[in-house]
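A short worksheet on the structure shown next.
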Amino acid sequence: MIDHTQSGNGTPFRDMILNTALKEQILDDTSENSSLLRIKKVLIDNIDWKNKLYPEEKEGDIRKAISFGRLPKFDRLQDRINGLGITVHDIYAAHITITSLQINNDRYRAVIRYNVQDHFGLDNKDIMKFKKFSIFRLWFVLQRFNQFCYKPFMTNIETTIEIEGSRHDSKK
């Protein structure tokens, strides 16, 4: 990412390590606001087990569950140490898609695709929040002073997660 930042061209950044970190973060989130756990609950609650399908009129329930859930963030203590806290920290945008859903008897299997973005750069809101830290003020100047041209850029991260469950799984 340092090389990408120094190139100063503002093109999007991708890295397999970030994709792996995103997957681990999603799978490790056991909070009640976990987007993945919310998706699982909505599937179990709404699958029409008799007809082996997910009712079209219940699609909004999935969207609602995700929107009230917690999007992946790299704001844990370990992320301050491993570099993810500065590299990504928060997610600016997310597109979560169930790419397949198979229902057989009392079991389901789903494939969920997470495409997330973060902007690697500082805006006015960031600089006001971190105004006591000189490194952020320097970073802000590097991004904006036309003699340096270290342009902000989007960090694109993606992962696919497969889940399985049963209609008898806990409906917490």
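Simple scheme: letters A, B, ... for chains in structure tokens order, numbers from 1 for residues in each chain, numbers from 1 for ligands in the order shown.
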
Close residues, Met16 of chain A itself excluded, 12 Å, only C-alpha atoms, min 6 positions apart in chain, as JSON, numbers by chain: {"A": [1, 22, 23, 155, 156, 157, 158, 159]}

Contacts of Tyr92 of chain A within 8 Å, only C-alpha atoms, excl. fewer than 3 positions in-chain, as a PyMOL selection string: chain A and resi 116-119

Could the residues in this selection be written to a file with all heavy atoms, as a compact mmCIF listing (two decimals), in the first residue's frame?
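Ended up saving to selection_24.txt:
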# COMPACT_ATOMS: atom_id res chain seq x y z
N VAL A 116 -16.49 -4.51 -0.44
CA VAL A 116 -16.45 -3.31 0.40
C VAL A 116 -15.39 -2.35 -0.11
O VAL A 116 -14.46 -2.75 -0.81
CB VAL A 116 -16.22 -3.65 1.89
CG1 VAL A 116 -17.30 -4.58 2.42
CG2 VAL A 116 -14.86 -4.25 2.11
N GLN A 117 -15.58 -1.10 0.23
CA GLN A 117 -14.62 -0.06 -0.15
C GLN A 117 -14.33 0.83 1.04
O GLN A 117 -15.20 1.07 1.89
CB GLN A 117 -15.18 0.83 -1.25
CG GLN A 117 -15.24 0.21 -2.60
CD GLN A 117 -15.68 1.23 -3.64
OE1 GLN A 117 -16.56 2.04 -3.41
NE2 GLN A 117 -15.04 1.18 -4.80
N ASP A 118 -13.13 1.30 1.05
CA ASP A 118 -12.73 2.35 1.99
C ASP A 118 -11.95 3.37 1.18
O ASP A 118 -11.34 3.04 0.17
CB ASP A 118 -11.84 1.77 3.10
CG ASP A 118 -11.47 2.84 4.14
OD1 ASP A 118 -12.31 3.72 4.42
OD2 ASP A 118 -10.35 2.77 4.65
N HIS A 119 -12.02 4.60 1.60
CA HIS A 119 -11.19 5.60 0.92
C HIS A 119 -9.93 5.79 1.74
O HIS A 119 -9.98 5.99 2.95
CB HIS A 119 -11.94 6.93 0.69
CG HIS A 119 -12.43 7.58 1.95
ND1 HIS A 119 -11.67 8.45 2.68
CD2 HIS A 119 -13.60 7.46 2.59
CE1 HIS A 119 -12.34 8.86 3.74
NE2 HIS A 119 -13.52 8.27 3.70

Proximity to Ile44 of chain A - best of A:Ile161, A:Ile98, A:Ile62, A:Ile81, only C-alpha atoms: A:Ile62

Which of A:Leu53, A:Ile17, A:Leu36, A:Leu27 sits closest to Tyr108 of chain A [using only C-alpha atoms]: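 Closest to Tyr108 of chain A, using only C-alpha atoms: A:Leu53.
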
Which of A:Thr160, A:Asn9, A:Asn82, A:Asn51 sits closest to His95 of chain A [using only C-alpha atoms]: A:Thr160

Residue neighbourhood Ile103 of chain A, 8 Å, only C-alpha atoms, exclusion window fewer than 6 positions, as a list of chain:residue names: A:Trp49, A:Lys52, A:Leu53, A:Arg109

Preceding selection exported with N, CA, C and O atoms as a PDB file, in the first residue's frame:
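Okay, this is what ended up in part.pdb:
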ATOM      1  N   TRP A  49     -39.737 -23.753   3.985  1.00  0.00           N
ATOM      2  CA  TRP A  49     -39.128 -25.081   4.016  1.00  0.00           C
ATOM      3  C   TRP A  49     -39.955 -26.103   3.237  1.00  0.00           C
ATOM      4  O   TRP A  49     -39.397 -27.016   2.624  1.00  0.00           O
ATOM      5  N   LYS A  52     -39.213 -25.265  -0.363  1.00  0.00           N
ATOM      6  CA  LYS A  52     -37.759 -25.173  -0.575  1.00  0.00           C
ATOM      7  C   LYS A  52     -37.359 -23.927  -1.364  1.00  0.00           C
ATOM      8  O   LYS A  52     -36.655 -24.001  -2.371  1.00  0.00           O
ATOM      9  N   LEU A  53     -37.795 -22.776  -0.848  1.00  0.00           N
ATOM     10  CA  LEU A  53     -37.439 -21.511  -1.488  1.00  0.00           C
ATOM     11  C   LEU A  53     -37.453 -20.383  -0.467  1.00  0.00           C
ATOM     12  O   LEU A  53     -37.988 -20.515   0.627  1.00  0.00           O
ATOM     13  N   ARG A 109     -27.835 -23.981   2.242  1.00  0.00           N
ATOM     14  CA  ARG A 109     -26.443 -23.612   1.974  1.00  0.00           C
ATOM     15  C   ARG A 109     -26.495 -22.341   1.148  1.00  0.00           C
ATOM     16  O   ARG A 109     -27.214 -22.271   0.151  1.00  0.00           O
TER      17      ARG A 109
END

Nearest to Asp75 of chain A, chosen from A:Ser35, A:Thr97, A:Glu57, A:Gln25, with only C-alpha atoms counted in the distances: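 Looking only at the distances to Asp75 of chain A, the closest residue turns out to be A:Gln25.
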
Shortest interatomic distance to Gln78 of chain A - which of A:Ala21, A:Ala110, A:Ile163, A:Ile66, counting only C-alpha atoms: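 Ranked by minimum distance to Gln78 of chain A, first place goes to A:Ala21.
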
Computed interatomic separation between atom CA of Gly165 of chain A and atom CA of Lys50 of chain A (Å):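 Distance reported for this atom pair: 15.9 Å.
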